[in-house]
Protein chains: 2
Amino acid sequence: MRKFLNDPKTFVPEFLEGIYLASGGALKYEPKYNLIYRADMPRPDRVSIIQGSGSGHEPAHTMIVGPGMLDAACPGDVFAGPPVEFVTETTKLMATPAGVLYIVNNYTGDRTAWEMAKELMEAEGYKIGYLLVNDDVAVKDSTWTIGRRGVAGNFFVIKAAAAMAAKGGSLEECVRVGQKVISQVRTMGIALSSCTPPVRGTPLFELPDGEMEVGIGIHGEPGRERRKTGTANEIVELLLDAIVPDLPFVAGDEVALMVNGLGGTPISELYLLYGVAHKKLAEKGIGIFRSYVGEYCTSLEMAGAHLSLLKVDDELKELLLAPAQVAYRVF
Amino acid sequence: MRKFLNDPKTFVPEFLEGIYLASGGALKYEPKYNLIYRADMPRPDRVSIIQGSGSGHEPAHTMIVGPGMLDAACPGDVFAGPPVEFVTETTKLMATPAGVLYIVNNYTGDRTAWEMAKELMEAEGYKIGYLLVNDDVAVKDSTWTIGRRGVAGNFFVIKAAAAMAAKGGSLEECVRVGQKVISQVRTMGIALSSCTPPVRGTPLFELPDGEMEVGIGIHGEPGRERRKTGTANEIVELLLDAIVPDLPFVAGDEVALMVNGLGGTPISELYLLYGVAHKKLAEKGIGIFRSYVGEYCTSLEMAGAHLSLLKVDDELKELLLAPAQVAYRVF
């Protein structure tokens with residue numbers, strides 16, 4: 001393993017402590033529940049927004065806790081959903097009269113934890129909202145999922161719902177705009193390599209140099225097919241051919257276009273893919289409202305990328321442009 | 001090669017075009033000189049700040065062009081300094097009566113181009129300032145360098161000089177604060193893997209799993225030694241033992257602490273290293289003013305990290321906190 005580690009078993013709590021220490025007081029950390037949360041939240045008049053999926057997808061979700069994004073994150077171990085107790089304790093800590101919004105990516109482990117927690121919390125009188133992200137068009141059912149998987153589009157759901165919460169929107173309004181994003185965002189990815197979870201110590205799957213997994217899942221789940229690697233032009237074409245007809249995105253639409261790196265691909269290659277996608281969309285008469293190029297939802301050190309398209313209207317544009325400030329910042 | 005490419009030979013112009021297209025009009029692109037520059041610059045009353053080293057270190061330098069950072073970047077090919085003509089043409093385009101500041105990392109190829117350009121431009125009457133970054137404490141002379149190499153500390157030099165330029169500072173003032181950063185920043189890195197330049201198609205050097213190169217250069221130059229990989233605690237200790245006594249950084253100092261990823265290391269591991277470094281510095285009585293965790297200067301997809309410490313005073317603190325907006329943004 002080519003990794004910076006002390007002990008594979010303490011990988012998650014150690015990087016969470018790093019996030020906490022790097023935040024300069026903006027975040028708090030509760031090791032008992034893998035819980036990273038805003039030091040200035042909750043506020044009684046505001047909806048709190050929380051998420052907790054498996055670790056290994058950083059910066060999602062623990063590094064995007066901050067004003068304008070998540071209020072708290074309580075991840076499980078690498079590629080494992082959090083225990084129900086993490087969710088209920090996080091809920092109690094962040095609860096406000098305005099309510100708590102759960103944003104969940106569609107994996108059976110995550111859903112089990114969050115839906116059980118929702119039931120328990122509502123029985124105790126808490127007001128809970130729920131959004132299920134399922135933007136991956138690659139496959140319908142998968143290794144750990146019934147229905148479509150939730151992947152990089154999750155970023156846009158959080159961004160829109162959190163911007164609505166920040167301007168004082170009700171729980172119902174946060175759910176409405178989050179649901180609008182979910183209904184208008186589509187994603188597919190390609191892997192050029194596997195990745196190695198620290199405790200496992202060996203690659204999740206074998207992928208020979210020169211082959212690619214088309215429609216890869218973020219935990220290494222199989223996609224649509226394995227085939228010989230193509231050029232960047234061919235790969236973008238392949239992804240757009242799956243994504244564009246799915247919504248469908250049509251001439252005259254405006255979109256947010258994301259090229260998300262899976263962890264091991266340099267940002268230069270992501271920008272190269274962006275340029276290709278931008279021009280191919282322009283040829284189809286689809287306009288780019290805003291670009292997102294970088295790592296948003298990774299699979300440890302996997303080489304690969306997602307392409308995400310979100311169709312935007314005036315409301316979503318305003319929410320995407322709203323200010324946000326997270327632990328994981330460039331400046 | 002596990003890379004997104006069309007043709008290795010067009011890798012650089014293709015990702016530059018992607019940066020340009022992703023900028024939404026904020027940047028311009030001149031393919032003839034690999035030149036990315038701010039659409040709203042130059043301004044007659046303002047110093048322009050430019051850089052151009054080898055490609056393959058992204059986001060440095062082409063993705064940090066924008067208000068509060070570089071005004072233009074004109075990189076060479078992967079790991080190759082730009083031709084003199086790129087520099088002279090960039091200088092002419094960005095020249096103002098206030099002057100143009102060159103920020104150069106200490107590699108012989110880069111210095112040759114920029115020092116020759118400086119001479120040519122000054123002979124034509126242009127006002128040129130010059131900063132040479134050499135923050136790497138690993139080795140004194142190296143494969144492509146006389147003296148110490150310039151690495152991740154370059155980010156802080158640009159940030160401080162550009163903040164001074166943005167508030168109307170003279171060329172002399174920009175040089176002064178840049179020089180202050182150079183005199184107070186120290187860096188060293190560790191590689192856990194090699195990397196593969198697209199045109200070359202094979203790894204730059206061989207590094208077996210389980211070994212690390214201590215004091216690696218950003219073009220794969222040898223460092224101080226090769227040894228068996230240690231724990232994160234041991235690695236941070238090793239880096240701090242080289243960096244801290246070099247300035248020296250002493251109890252009572254305040255620093256900016258950067259953990260820079262070399263391209264293939266997940267940000268979770270970088271935060272893990274950050275947490276270890278933060279605590280070890282606290283034990284020495286050294287306070288952290290601000291944290292920088294992520295990719296600032298990479299070597300394609302190399303697995304590895306740099307640790308950088310910059311000693312800050314009130315002036316540098318203010319410059320580091322000044323606003324900046326670059327193509328490579330998370331939001």
# chains A, B, ... in the order shown; residues from 1 in each chain; ligands from 1
call {"tool": "residues_around", "arguments": {"residues": "segment 289-301 of chain B", "least_positions_apart": "3", "cutoff": "6 Å", "atoms": "only C-alpha atoms", "output": "compact mmCIF listing (two decimals) with C-alpha atoms, in the first residue's frame"}}
result
# COMPACT_ATOMS: atom_id res chain seq x y z
CA ALA A 22 -7.18 22.45 10.44
CA PRO A 266 -4.49 14.76 -11.87
CA GLY B 56 2.54 18.70 -14.71
CA HIS B 57 2.38 20.60 -11.40
CA GLU B 58 -1.26 21.66 -11.63
CA PRO B 59 -3.01 23.56 -10.10
CA ALA B 60 0.34 25.41 -10.19
CA ALA B 152 5.16 24.18 -2.72
CA CYS B 195 4.69 9.30 -12.00
CA ILE B 218 8.82 17.62 -8.12
CA GLU B 254 3.28 31.52 14.33
CA VAL B 255 3.20 29.69 11.01
CA ALA B 256 1.06 28.88 8.01
CA LEU B 257 1.15 25.09 7.72
CA MET B 258 0.67 23.46 4.32
CA VAL B 259 0.27 19.78 3.53
CA ASN B 260 0.53 19.64 -0.25
CA GLY B 261 -0.50 16.51 -2.13
CA LEU B 262 1.69 15.43 -5.04
CA GLY B 263 -1.31 14.34 -7.15
CA GLY B 264 -2.08 10.70 -6.37
call {"tool": "interface_residues", "arguments": {"of": "chain A", "to": "chain B", "cutoff": "8 Å", "atoms": "only C-alpha atoms", "output": "PyMOL selection string"}}
result
chain A and resi 1-7+11+14-19+21-24+56+58-59+192-193+209-210+231-233+263-276+278+290-294+300-301+303+324+328-331
call {"tool": "atom_distance", "arguments": {"atom1": "atom CA of Ala98 of chain A", "atom2": "atom CA of Pro42 of chain A"}}
result
10.2 Å
call {"tool": "atom_distance", "arguments": {"atom1": "atom CA of Ile36 of chain B", "atom2": "atom CA of Asp71 of chain B"}}
result
8.6 Å
call {"tool": "select_by_dssp", "arguments": {"residues": "segment 206-275 of chain B", "states": "strand (DSSP E)", "output": "list in words"}}
result
Glu211, Met212, Glu213, Val214, Glu225, Arg226, Arg227, Lys228, Glu254, Val255, Ala256, Leu257, Met258, Val259, Asn260 and Gly261 of chain B
call {"tool": "select_by_dssp", "arguments": {"residues": "segment 52-187 of chain A", "states": "helix (DSSP H, G or I)", "output": "ChimeraX atom specification"}}
result
/A:62-64,84-94,108-123,154-166,171-184
call {"tool": "atom_distance", "arguments": {"atom1": "atom CA of Val133 of chain A", "atom2": "atom CA of Asn154 of chain A"}}
result
6.1 Å
call {"tool": "closest_residue", "arguments": {"among": "A:Ile50, A:Ile146, A:Val244, A:Val199", "to": "Lys9 of chain A", "atoms": "only C-alpha atoms"}}
result
A:Val199
call {"tool": "residues_around", "arguments": {"residues": "Ser53 of chain B", "least_positions_apart": "4", "cutoff": "10 Å", "atoms": "only C-alpha atoms", "output": "ChimeraX atom specification"}}
result
/B:57,60-62,73-83,103-107,109-111,113-114
call {"tool": "residues_around", "arguments": {"residues": "Pro44 of chain A", "least_positions_apart": "3", "cutoff": "9 Å", "atoms": "only C-alpha atoms", "output": "list in words"}}
result
Met41, Val47, Ala95, Thr96, Pro97 and Ala98 of chain A
call {"tool": "write_last_selection", "arguments": {"atoms": "C-alpha atoms", "output": "compact mmCIF listing (two decimals), in the first residue's frame"}}
result
# COMPACT_ATOMS: atom_id res chain seq x y z
CA MET A 41 -24.68 25.57 14.69
CA VAL A 47 -32.95 24.07 9.29
CA ALA A 95 -31.97 19.54 15.98
CA THR A 96 -33.85 22.85 15.81
CA PRO A 97 -37.56 23.77 15.80
CA ALA A 98 -37.12 24.42 12.04
call {"tool": "residues_around", "arguments": {"residues": "Gly217 of chain B", "least_positions_apart": "4", "cutoff": "9 Å", "atoms": "only C-alpha atoms", "output": "list in words"}}
result
Asp136, Ala138, Ser142, Thr143, Arg149, Val151, Met188, Gly189, Ile190, Ala191, Glu221, Pro222, Gly223 and Ser299 of chain B
call {"tool": "residues_around", "arguments": {"residues": "Leu247 of chain B", "least_positions_apart": "4", "cutoff": "9 Å", "atoms": "only C-alpha atoms", "output": "PyMOL selection string"}}
result
chain B and resi 183-186+243
